[in-house]
Structure formats: structure tokens, C-alpha cells
Amino acid sequence: MSTRPANSYAHTTLEALLKTDEKIAHLKDGAYSKAASPERFESARAALESKGFKVTVAQNRDEAFETLKTLIPDGASLNVAHSTTLEEIGFIDYIIGETPYNNVRSTILAEKDLAKQAELRRTIGTTVDYFLTSMAAVTETGAMAHGDLSGSKVGGVAYGAKNVIVVVGSNKIVKDVNEAYQRTVEWCIPAAGAFSREVFKAPGTSMSHYELLLQQNPFAPGRIQVLLVNEALGF
């Protein structure tokens with residue numbers, strides 16, 4: 001039986017934001033909010049493995065939460081890029097409490113001077129043992145895509161962290177890299193804009209960095225692994 005915590009960030013899920021933000025009304029009932037078919041799920045899984053990514057499958061968010069805990073060894077330093085997916089599976093609430101990890105994220109957020117906090121994100125935040133994130137899209141050809149505004153997420157995934165775990169729902173599976181970019185721009189950025197309006201009272205957001213992961217780094221085999229969840233999660 002899962003011990004997954006309730007999501008205390010439920011007010012910033014896509015479902016919640018659609019009820020409060022008319023600027024994303026066009027996303028309601030969109031195809032990108034639905035779990036992939038079994039055939040598409042299996043195609044993406046096999047393709048990711050063919051590109052050198054280690055893939056672990058979870059059937060739902062309860063299983064994803066329990067599985068993720070087993071992928072991170074006790075004592076490892078840990079940081080998390082903002083991820084609605086990780087909030088929805090309960091992992092963000094979990095690491096706020098007592099865990100066997102060195103939670104670098106808590107150290108960063110404890111610094112209230114924003115300039116100093118940004119420096120911590122650049123230094124200790126991207127050089128942890130395990131960096132956790134999600135993706136904007138996973139292709140049926142085995143690529144993954146994501147973007148951000150500051151670069152802190154892309155930087156940790158691209159090179160900084162010793163290990164990266166990508167937790168991604170099957171609603172993010174797309175045909176190819178062209179559709180991955182389309183999903184990022186037309187779906188993820190508007191949803192992230194609604195998140196920014198809700199949380200930061202900002203007018204929206206934008207993307208300064210965009211990264212395609214086409215294969216596992218041959219000089220660091222096993223560095224990036226994927227927890228592929230057979231359920232719709234995140235933006």
C-alpha cells in the first residue's frame with residue numbers, strides 16, 4: 001500500500017488552473033491532457049531504451065511515488081526543478097519532511113535574499129547527486145524535450161548533476177521532435193503562465209532555453225533515467 005502524501009499544491013494542477021484562469025480556456029479537453037494509448041506508451045518506452053536511457057515503468061501515481069523513492073540511495077544530495085508532476089505524485093510534499101536524503105532544495109529555499117538564492121541554484125542546486133525533473137514532451141522516437149526561463153533546470157539536466165531522474169506522464173508522449181516543440185510552446189508555456197499568475201502574481205512566463213535530449217550521453221552511461229508513468233500527469 002502506498003504512503004503517498006496528499007498533494008498540497010492541488011490548486012496549481014492543470015485541472016485547478018483551468019477553473020480559475022480564463023486565459024488557458026483553450027487547453028480544456030485538449031489531447032495533451034490525456035494518457036497515451038498502450039501502443040504509444042510501449043513505443044515511447046522501447047524507443048527511450050534504444051537511445052540508452054534506463055526506463056522504469058509505473059502504472060499510476062501511487063506506484064510512481066513508491067518507485068521513485070527506491071531510485072535514490074540514502075544520503076544522496078537531492079534537488080528538484082519545479083514540477084507539477086512531482087507535486088502530483090506526492091514527492092514534493094514527501095521531501096519537505098524527514099527523508100534519508102540531503103535535501104538541497106530546502107537549503108536553497110531557506111535563503112530569502114533572491115540574489116543569494118539564485119547563486120545557490122547555480123552552484124549547489126545543479127551539482128547534486130540526483131536532480132529530479134519532468135519533461136515537456138517525450139517522443140515515440142526516444143527523444144525528450146524541455147525548456148525554462150532561467151536556465152537552472154536545463155543546466156542541471158544537461159551536465160551539472162551527477163544523476164538525473166525524469167518523471168513523466170504518458171500524456172506527454174508525442175510523435176517526433178517537431179511535435180515536442182509544438183507541445184512545449186502551445187501547451188506547456190500557456191499552462192506555466194497560468195501557474196505564474198496564480199503563484200507569483202506575474203502576467204505570465206516565457207521560455208529562454210529549450211533542450212532536446214536525443215540520446216544518453218555516451219560518456220556518462222546511465223546518468224539520465226526515466227520513470228515513465230502510465231497516467232496523465234503535469235502540464
# chains A, B, ... in the order shown; residues from 1 in each chain; ligands from 1
call {"tool": "residues_around", "arguments": {"residues": "A:Gly155", "least_positions_apart": "6", "cutoff": "9 Å", "atoms": "only C-alpha atoms", "output": "ChimeraX atom specification"}}
result
/A:122,126,161
call {"tool": "closest_atom_pairs", "arguments": {"of": "stretch 50-72 of chain A", "to": "stretch 220-233 of chain A", "cutoff": "6 Å", "atoms": "only C-alpha atoms", "output": "tab-separated table"}}
result
residue	atom	partner	partner_atom	distance
A:Phe53	CA	A:Gln225	CA	5.5
A:Lys54	CA	A:Gln225	CA	4.8
A:Val55	CA	A:Val226	CA	4.8
A:Thr56	CA	A:Leu227	CA	4.8
A:Val57	CA	A:Leu228	CA	4.9
A:Ala58	CA	A:Val229	CA	4.7
A:Gln59	CA	A:Asn230	CA	4.7
A:Asn60	CA	A:Glu231	CA	5.7
call {"tool": "residues_around", "arguments": {"residues": "stretch 146-153 of chain A", "least_positions_apart": "3", "cutoff": "7 Å", "atoms": "only C-alpha atoms", "output": "PDB file with all heavy atoms, in the first residue's frame"}}
result
ATOM      1  N   ALA A  81      13.821  20.421  -9.811  1.00  0.00           N
ATOM      2  CA  ALA A  81      13.292  21.530 -10.598  1.00  0.00           C
ATOM      3  C   ALA A  81      11.785  21.596 -10.360  1.00  0.00           C
ATOM      4  O   ALA A  81      11.155  20.559 -10.094  1.00  0.00           O
ATOM      5  CB  ALA A  81      13.578  21.303 -12.084  1.00  0.00           C
ATOM      6  N   ARG A 121      21.171  28.286  -6.442  1.00  0.00           N
ATOM      7  CA  ARG A 121      20.603  27.467  -7.512  1.00  0.00           C
ATOM      8  C   ARG A 121      21.664  27.134  -8.551  1.00  0.00           C
ATOM      9  O   ARG A 121      21.716  26.028  -9.098  1.00  0.00           O
ATOM     10  CB  ARG A 121      19.426  28.185  -8.177  1.00  0.00           C
ATOM     11  CG  ARG A 121      18.193  28.322  -7.312  1.00  0.00           C
ATOM     12  CD  ARG A 121      17.058  28.986  -8.084  1.00  0.00           C
ATOM     13  NE  ARG A 121      15.935  29.305  -7.218  1.00  0.00           N
ATOM     14  CZ  ARG A 121      14.998  28.443  -6.843  1.00  0.00           C
ATOM     15  NH1 ARG A 121      15.049  27.208  -7.293  1.00  0.00           N
ATOM     16  NH2 ARG A 121      14.011  28.819  -6.049  1.00  0.00           N
ATOM     17  N   ARG A 122      22.533  28.114  -8.842  1.00  0.00           N
ATOM     18  CA  ARG A 122      23.568  27.924  -9.851  1.00  0.00           C
ATOM     19  C   ARG A 122      24.653  26.969  -9.376  1.00  0.00           C
ATOM     20  O   ARG A 122      25.184  26.189 -10.169  1.00  0.00           O
ATOM     21  CB  ARG A 122      24.196  29.274 -10.217  1.00  0.00           C
ATOM     22  CG  ARG A 122      25.200  29.204 -11.359  1.00  0.00           C
ATOM     23  CD  ARG A 122      25.884  30.543 -11.569  1.00  0.00           C
ATOM     24  NE  ARG A 122      26.801  30.868 -10.475  1.00  0.00           N
ATOM     25  CZ  ARG A 122      28.047  30.390 -10.396  1.00  0.00           C
ATOM     26  NH1 ARG A 122      28.519  29.568 -11.316  1.00  0.00           N
ATOM     27  NH2 ARG A 122      28.832  30.740  -9.387  1.00  0.00           N
ATOM     28  N   MET A 135       9.507  16.490 -18.026  1.00  0.00           N
ATOM     29  CA  MET A 135       9.778  16.958 -19.386  1.00  0.00           C
ATOM     30  C   MET A 135       8.505  17.536 -19.974  1.00  0.00           C
ATOM     31  O   MET A 135       7.397  17.221 -19.540  1.00  0.00           O
ATOM     32  CB  MET A 135      10.278  15.807 -20.267  1.00  0.00           C
ATOM     33  CG  MET A 135      11.692  15.380 -19.971  1.00  0.00           C
ATOM     34  SD  MET A 135      12.911  16.540 -20.635  1.00  0.00           S
ATOM     35  CE  MET A 135      14.269  16.320 -19.471  1.00  0.00           C
ATOM     36  N   ALA A 136       8.679  18.374 -20.972  1.00  0.00           N
ATOM     37  CA  ALA A 136       7.522  18.896 -21.699  1.00  0.00           C
ATOM     38  C   ALA A 136       6.992  17.875 -22.683  1.00  0.00           C
ATOM     39  O   ALA A 136       5.799  17.843 -22.989  1.00  0.00           O
ATOM     40  CB  ALA A 136       7.894  20.187 -22.430  1.00  0.00           C
ATOM     41  N   ALA A 137       7.899  17.030 -23.194  1.00  0.00           N
ATOM     42  CA  ALA A 137       7.487  16.050 -24.196  1.00  0.00           C
ATOM     43  C   ALA A 137       8.474  14.900 -24.258  1.00  0.00           C
ATOM     44  O   ALA A 137       9.667  15.072 -24.021  1.00  0.00           O
ATOM     45  CB  ALA A 137       7.372  16.714 -25.572  1.00  0.00           C
ATOM     46  N   GLY A 156      20.964  21.839 -14.944  1.00  0.00           N
ATOM     47  CA  GLY A 156      21.114  20.652 -14.116  1.00  0.00           C
ATOM     48  C   GLY A 156      20.991  19.373 -14.917  1.00  0.00           C
ATOM     49  O   GLY A 156      21.729  18.411 -14.699  1.00  0.00           O
ATOM     50  N   VAL A 157      20.048  19.360 -15.865  1.00  0.00           N
ATOM     51  CA  VAL A 157      19.833  18.168 -16.685  1.00  0.00           C
ATOM     52  C   VAL A 157      20.968  17.979 -17.676  1.00  0.00           C
ATOM     53  O   VAL A 157      21.491  16.874 -17.847  1.00  0.00           O
ATOM     54  CB  VAL A 157      18.483  18.260 -17.425  1.00  0.00           C
ATOM     55  CG1 VAL A 157      18.345  17.131 -18.447  1.00  0.00           C
ATOM     56  CG2 VAL A 157      17.327  18.234 -16.432  1.00  0.00           C
ATOM     57  N   SER A 206       7.698  32.971 -20.005  1.00  0.00           N
ATOM     58  CA  SER A 206       8.216  32.738 -21.347  1.00  0.00           C
ATOM     59  C   SER A 206       9.355  31.731 -21.252  1.00  0.00           C
ATOM     60  O   SER A 206       9.758  31.339 -20.155  1.00  0.00           O
ATOM     61  CB  SER A 206       8.708  34.046 -21.979  1.00  0.00           C
ATOM     62  OG  SER A 206       9.755  34.611 -21.206  1.00  0.00           O
ATOM     63  N   MET A 207       9.882  31.338 -22.392  1.00  0.00           N
ATOM     64  CA  MET A 207      10.949  30.343 -22.426  1.00  0.00           C
ATOM     65  C   MET A 207      12.192  30.944 -23.057  1.00  0.00           C
ATOM     66  O   MET A 207      12.162  31.419 -24.185  1.00  0.00           O
ATOM     67  CB  MET A 207      10.489  29.115 -23.221  1.00  0.00           C
ATOM     68  CG  MET A 207      11.525  28.009 -23.315  1.00  0.00           C
ATOM     69  SD  MET A 207      10.857  26.492 -24.053  1.00  0.00           S
ATOM     70  CE  MET A 207      10.539  27.055 -25.742  1.00  0.00           C
ATOM     71  N   SER A 208      13.296  30.918 -22.312  1.00  0.00           N
ATOM     72  CA  SER A 208      14.575  31.404 -22.827  1.00  0.00           C
ATOM     73  C   SER A 208      15.466  30.267 -23.319  1.00  0.00           C
ATOM     74  O   SER A 208      16.338  30.472 -24.155  1.00  0.00           O
ATOM     75  CB  SER A 208      15.336  32.178 -21.742  1.00  0.00           C
ATOM     76  OG  SER A 208      14.599  33.293 -21.305  1.00  0.00           O
ATOM     77  N   HIS A 209      15.273  29.066 -22.749  1.00  0.00           N
ATOM     78  CA  HIS A 209      16.124  27.924 -23.066  1.00  0.00           C
ATOM     79  C   HIS A 209      15.253  26.742 -23.468  1.00  0.00           C
ATOM     80  O   HIS A 209      14.216  26.494 -22.849  1.00  0.00           O
ATOM     81  CB  HIS A 209      16.976  27.520 -21.855  1.00  0.00           C
ATOM     82  CG  HIS A 209      17.704  28.652 -21.220  1.00  0.00           C
ATOM     83  ND1 HIS A 209      17.116  29.485 -20.281  1.00  0.00           N
ATOM     84  CD2 HIS A 209      18.962  29.108 -21.393  1.00  0.00           C
ATOM     85  CE1 HIS A 209      17.993  30.394 -19.903  1.00  0.00           C
ATOM     86  NE2 HIS A 209      19.117  30.194 -20.565  1.00  0.00           N
ATOM     87  N   TYR A 210      15.695  26.015 -24.485  1.00  0.00           N
ATOM     88  CA  TYR A 210      14.981  24.827 -24.941  1.00  0.00           C
ATOM     89  C   TYR A 210      16.011  23.748 -25.222  1.00  0.00           C
ATOM     90  O   TYR A 210      16.990  23.990 -25.926  1.00  0.00           O
ATOM     91  CB  TYR A 210      14.173  25.129 -26.195  1.00  0.00           C
ATOM     92  CG  TYR A 210      13.365  23.964 -26.712  1.00  0.00           C
ATOM     93  CD1 TYR A 210      12.231  23.535 -26.033  1.00  0.00           C
ATOM     94  CD2 TYR A 210      13.736  23.299 -27.878  1.00  0.00           C
ATOM     95  CE1 TYR A 210      11.480  22.458 -26.503  1.00  0.00           C
ATOM     96  CE2 TYR A 210      12.994  22.230 -28.359  1.00  0.00           C
ATOM     97  CZ  TYR A 210      11.868  21.816 -27.664  1.00  0.00           C
ATOM     98  OH  TYR A 210      11.114  20.753 -28.122  1.00  0.00           O
ATOM     99  N   GLU A 211      15.803  22.560 -24.663  1.00  0.00           N
ATOM    100  CA  GLU A 211      16.781  21.493 -24.801  1.00  0.00           C
ATOM    101  C   GLU A 211      16.116  20.223 -25.320  1.00  0.00           C
ATOM    102  O   GLU A 211      15.069  19.806 -24.837  1.00  0.00           O
ATOM    103  CB  GLU A 211      17.425  21.204 -23.447  1.00  0.00           C
ATOM    104  CG  GLU A 211      18.441  20.077 -23.486  1.00  0.00           C
ATOM    105  CD  GLU A 211      19.021  19.762 -22.121  1.00  0.00           C
ATOM    106  OE1 GLU A 211      18.281  19.868 -21.119  1.00  0.00           O
ATOM    107  OE2 GLU A 211      20.212  19.417 -22.057  1.00  0.00           O
ATOM    108  N   LEU A 212      16.762  19.616 -26.303  1.00  0.00           N
ATOM    109  CA  LEU A 212      16.383  18.298 -26.793  1.00  0.00           C
ATOM    110  C   LEU A 212      17.406  17.281 -26.309  1.00  0.00           C
ATOM    111  O   LEU A 212      18.609  17.464 -26.508  1.00  0.00           O
ATOM    112  CB  LEU A 212      16.359  18.268 -28.326  1.00  0.00           C
ATOM    113  CG  LEU A 212      15.102  18.736 -29.046  1.00  0.00           C
ATOM    114  CD1 LEU A 212      15.359  18.772 -30.543  1.00  0.00           C
ATOM    115  CD2 LEU A 212      13.924  17.824 -28.733  1.00  0.00           C
TER     116      LEU A 212
END
call {"tool": "closest_atom_pairs", "arguments": {"of": "stretch 34-122 of chain A", "to": "stretch 183-202 of chain A", "cutoff": "12 Å", "atoms": "only C-alpha atoms", "output": "Markdown table"}}
result
| residue | atom | partner | partner_atom | distance |
| --- | --- | --- | --- | --- |
| A:His82 | CA | A:Ala192 | CA | 10.6 |
| A:Ser83 | CA | A:Ala192 | CA | 10.2 |
| A:Thr84 | CA | A:Phe195 | CA | 9.6 |
call {"tool": "select_by_dssp", "arguments": {"residues": "stretch 6-214 of chain A", "states": "helix (DSSP H, G or I)", "output": "ChimeraX atom specification"}}
result
/A:10-12,14-20,22-27,31-33,38-50,61-71,84-88,91-96,104-110,114-122,152-160,170-172,177-199
call {"tool": "residues_around", "arguments": {"residues": "A:Ala118", "least_positions_apart": "5", "cutoff": "9 Å", "atoms": "only C-alpha atoms", "output": "PyMOL selection string"}}
result
chain A and resi 108+113+123+152
call {"tool": "residues_around", "arguments": {"residues": "stretch 66-80 of chain A", "least_positions_apart": "6", "cutoff": "8 Å", "atoms": "only C-alpha atoms", "output": "list in words"}}
result
Ser2, Thr3, Arg4, Ala58, Pro100, Tyr101, Asn102, Asn103, Val104, Arg105, Gly125, Thr126, Val128, Asp129, Tyr130, Phe131, Leu132, Thr133 and Leu227 of chain A
call {"tool": "atom_distance", "arguments": {"atom1": "atom CA of A:Val164", "atom2": "atom CA of A:Lys112"}}
result
26.6 Å
call {"tool": "residues_around", "arguments": {"residues": "stretch 28-39 of chain A", "least_positions_apart": "4", "cutoff": "9 Å", "atoms": "only C-alpha atoms", "output": "PDB file with N, CA, C and O atoms, in the first residue's frame"}}
result
ATOM      1  N   LEU A  14      -3.157  21.455 -13.533  1.00  0.00           N
ATOM      2  CA  LEU A  14      -3.822  21.969 -14.731  1.00  0.00           C
ATOM      3  C   LEU A  14      -5.329  22.004 -14.532  1.00  0.00           C
ATOM      4  O   LEU A  14      -5.993  22.980 -14.922  1.00  0.00           O
ATOM      5  N   GLU A  15      -5.869  20.979 -13.920  1.00  0.00           N
ATOM      6  CA  GLU A  15      -7.310  20.923 -13.677  1.00  0.00           C
ATOM      7  C   GLU A  15      -7.782  22.127 -12.860  1.00  0.00           C
ATOM      8  O   GLU A  15      -8.810  22.749 -13.176  1.00  0.00           O
ATOM      9  N   LEU A  18      -7.387  25.543 -14.860  1.00  0.00           N
ATOM     10  CA  LEU A  18      -8.411  25.706 -15.896  1.00  0.00           C
ATOM     11  C   LEU A  18      -9.708  26.288 -15.321  1.00  0.00           C
ATOM     12  O   LEU A  18     -10.469  26.937 -16.038  1.00  0.00           O
ATOM     13  N   ILE A  24      -6.331  30.306 -20.279  1.00  0.00           N
ATOM     14  CA  ILE A  24      -5.958  28.986 -20.788  1.00  0.00           C
ATOM     15  C   ILE A  24      -7.193  28.127 -21.071  1.00  0.00           C
ATOM     16  O   ILE A  24      -7.105  26.900 -21.143  1.00  0.00           O
ATOM     17  N   SER A  43       5.681   2.149 -27.451  1.00  0.00           N
ATOM     18  CA  SER A  43       6.600   2.677 -28.469  1.00  0.00           C
ATOM     19  C   SER A  43       7.597   3.650 -27.851  1.00  0.00           C
ATOM     20  O   SER A  43       8.800   3.589 -28.131  1.00  0.00           O
ATOM     21  N   ALA A  44       7.100   4.544 -26.999  1.00  0.00           N
ATOM     22  CA  ALA A  44       7.978   5.523 -26.359  1.00  0.00           C
ATOM     23  C   ALA A  44       8.955   4.837 -25.412  1.00  0.00           C
ATOM     24  O   ALA A  44      10.144   5.167 -25.381  1.00  0.00           O
ATOM     25  N   GLY A 169       4.552  11.697 -17.227  1.00  0.00           N
ATOM     26  CA  GLY A 169       3.299  11.015 -17.518  1.00  0.00           C
ATOM     27  C   GLY A 169       3.146  10.745 -19.003  1.00  0.00           C
ATOM     28  O   GLY A 169       3.739  11.422 -19.851  1.00  0.00           O
ATOM     29  N   SER A 170       2.314   9.777 -19.334  1.00  0.00           N
ATOM     30  CA  SER A 170       2.185   9.371 -20.729  1.00  0.00           C
ATOM     31  C   SER A 170       1.429  10.387 -21.587  1.00  0.00           C
ATOM     32  O   SER A 170       1.444  10.289 -22.816  1.00  0.00           O
ATOM     33  N   ASN A 171       0.792  11.362 -20.956  1.00  0.00           N
ATOM     34  CA  ASN A 171       0.146  12.427 -21.727  1.00  0.00           C
ATOM     35  C   ASN A 171       1.159  13.289 -22.467  1.00  0.00           C
ATOM     36  O   ASN A 171       0.787  14.053 -23.364  1.00  0.00           O
ATOM     37  N   LYS A 172       2.431  13.159 -22.136  1.00  0.00           N
ATOM     38  CA  LYS A 172       3.473  13.969 -22.769  1.00  0.00           C
ATOM     39  C   LYS A 172       4.136  13.266 -23.950  1.00  0.00           C
ATOM     40  O   LYS A 172       5.084  13.792 -24.536  1.00  0.00           O
ATOM     41  N   ILE A 173       3.643  12.095 -24.305  1.00  0.00           N
ATOM     42  CA  ILE A 173       4.194  11.374 -25.449  1.00  0.00           C
ATOM     43  C   ILE A 173       3.661  11.980 -26.747  1.00  0.00           C
ATOM     44  O   ILE A 173       2.454  12.161 -26.922  1.00  0.00           O
ATOM     45  N   VAL A 174       4.587  12.306 -27.645  1.00  0.00           N
ATOM     46  CA  VAL A 174       4.247  12.905 -28.934  1.00  0.00           C
ATOM     47  C   VAL A 174       4.942  12.129 -30.044  1.00  0.00           C
ATOM     48  O   VAL A 174       5.772  11.245 -29.794  1.00  0.00           O
ATOM     49  N   ARG A 183       4.221  21.047 -28.668  1.00  0.00           N
ATOM     50  CA  ARG A 183       3.576  20.839 -27.375  1.00  0.00           C
ATOM     51  C   ARG A 183       4.135  21.797 -26.329  1.00  0.00           C
ATOM     52  O   ARG A 183       3.398  22.355 -25.518  1.00  0.00           O
ATOM     53  N   TRP A 187       1.245  24.376 -25.499  1.00  0.00           N
ATOM     54  CA  TRP A 187       0.552  23.788 -24.349  1.00  0.00           C
ATOM     55  C   TRP A 187       1.242  24.130 -23.029  1.00  0.00           C
ATOM     56  O   TRP A 187       0.636  24.692 -22.122  1.00  0.00           O
ATOM     57  N   ASN A 230       2.201   5.544 -16.551  1.00  0.00           N
ATOM     58  CA  ASN A 230       1.086   5.255 -17.457  1.00  0.00           C
ATOM     59  C   ASN A 230      -0.191   5.963 -17.010  1.00  0.00           C
ATOM     60  O   ASN A 230      -1.244   5.346 -16.791  1.00  0.00           O
ATOM     61  N   GLU A 231      -0.057   7.284 -16.866  1.00  0.00           N
ATOM     62  CA  GLU A 231      -1.155   8.121 -16.374  1.00  0.00           C
ATOM     63  C   GLU A 231      -0.870   9.553 -16.813  1.00  0.00           C
ATOM     64  O   GLU A 231       0.287   9.923 -17.037  1.00  0.00           O
ATOM     65  N   ALA A 232      -1.907  10.361 -16.955  1.00  0.00           N
ATOM     66  CA  ALA A 232      -1.707  11.779 -17.281  1.00  0.00           C
ATOM     67  C   ALA A 232      -1.260  12.531 -16.039  1.00  0.00           C
ATOM     68  O   ALA A 232      -1.914  12.465 -15.002  1.00  0.00           O
ATOM     69  N   LEU A 233      -0.140  13.232 -16.170  1.00  0.00           N
ATOM     70  CA  LEU A 233       0.426  14.000 -15.052  1.00  0.00           C
ATOM     71  C   LEU A 233       1.004  15.308 -15.551  1.00  0.00           C
ATOM     72  O   LEU A 233       1.574  15.363 -16.638  1.00  0.00           O
ATOM     73  N   GLY A 234       0.889  16.343 -14.738  1.00  0.00           N
ATOM     74  CA  GLY A 234       1.558  17.602 -15.036  1.00  0.00           C
ATOM     75  C   GLY A 234       0.987  18.342 -16.229  1.00  0.00           C
ATOM     76  O   GLY A 234      -0.104  18.046 -16.728  1.00  0.00           O
ATOM     77  N   PHE A 235       1.767  19.321 -16.681  1.00  0.00           N
ATOM     78  CA  PHE A 235       1.367  20.140 -17.825  1.00  0.00           C
ATOM     79  C   PHE A 235       1.751  19.469 -19.128  1.00  0.00           C
ATOM     80  O   PHE A 235       1.440  19.889 -20.201  1.00  0.00           O
TER      81      PHE A 235
END
call {"tool": "residues_around", "arguments": {"residues": "A:Ser8", "least_positions_apart": "3", "cutoff": "12 Å", "atoms": "only C-alpha atoms", "output": "tab-separated table (two decimals) with N, CA and C atoms, in the first residue's frame"}}
result
chain	number	residue	atom	x	y	z
A	4	ARG	N	1.88	7.54	-0.22
A	4	ARG	CA	2.00	8.80	-0.94
A	4	ARG	C	1.24	9.92	-0.23
A	5	PRO	N	1.92	11.05	0.06
A	5	PRO	CA	1.22	12.18	0.70
A	5	PRO	C	0.20	12.81	-0.24
A	11	HIS	N	-3.95	23.29	-5.93
A	11	HIS	CA	-4.50	24.50	-6.55
A	11	HIS	C	-3.73	24.93	-7.79
A	12	THR	N	-2.57	24.28	-8.07
A	12	THR	CA	-1.80	24.65	-9.25
A	12	THR	C	-1.70	23.51	-10.26
A	13	THR	N	-2.54	22.48	-10.12
A	13	THR	CA	-2.61	21.48	-11.17
A	13	THR	C	-3.31	22.09	-12.39
A	84	THR	N	5.10	20.13	-11.66
A	84	THR	CA	3.74	19.79	-11.24
A	84	THR	C	3.59	18.28	-11.15
A	86	LEU	N	5.87	16.06	-10.19
A	86	LEU	CA	6.42	15.61	-8.91
A	86	LEU	C	5.53	16.02	-7.74
A	87	GLU	N	4.84	17.16	-7.88
A	87	GLU	CA	3.87	17.54	-6.85
A	87	GLU	C	2.69	16.58	-6.86
A	88	GLU	N	2.21	16.21	-8.04
A	88	GLU	CA	1.02	15.36	-8.14
A	88	GLU	C	1.26	13.95	-7.63
A	89	ILE	N	2.48	13.45	-7.75
A	89	ILE	CA	2.73	12.10	-7.22
A	89	ILE	C	3.08	12.14	-5.74
A	90	GLY	N	3.13	13.33	-5.15
A	90	GLY	CA	3.35	13.47	-3.71
A	90	GLY	C	4.80	13.59	-3.29
A	91	PHE	N	5.72	13.65	-4.27
A	91	PHE	CA	7.12	13.61	-3.89
A	91	PHE	C	7.61	14.91	-3.29
A	92	ILE	N	7.06	16.04	-3.71
A	92	ILE	CA	7.50	17.32	-3.15
A	92	ILE	C	7.06	17.42	-1.69
A	93	ASP	N	5.84	17.02	-1.40
A	93	ASP	CA	5.40	17.00	0.00
A	93	ASP	C	6.24	16.03	0.81
A	94	TYR	N	6.63	14.93	0.22
A	94	TYR	CA	7.44	13.93	0.91
A	94	TYR	C	8.79	14.49	1.32
A	96	ILE	N	9.70	17.48	1.85
A	96	ILE	CA	9.63	18.58	2.82
A	96	ILE	C	9.81	18.04	4.24
call {"tool": "atom_distance", "arguments": {"atom1": "atom CA of A:Val177", "atom2": "atom CA of A:Ala143"}}
result
7.1 Å
call {"tool": "closest_residue", "arguments": {"among": "A:Leu17, A:Ile124, A:Ala46, A:Val167", "to": "A:Arg61", "atoms": "only C-alpha atoms"}}
result
A:Val167
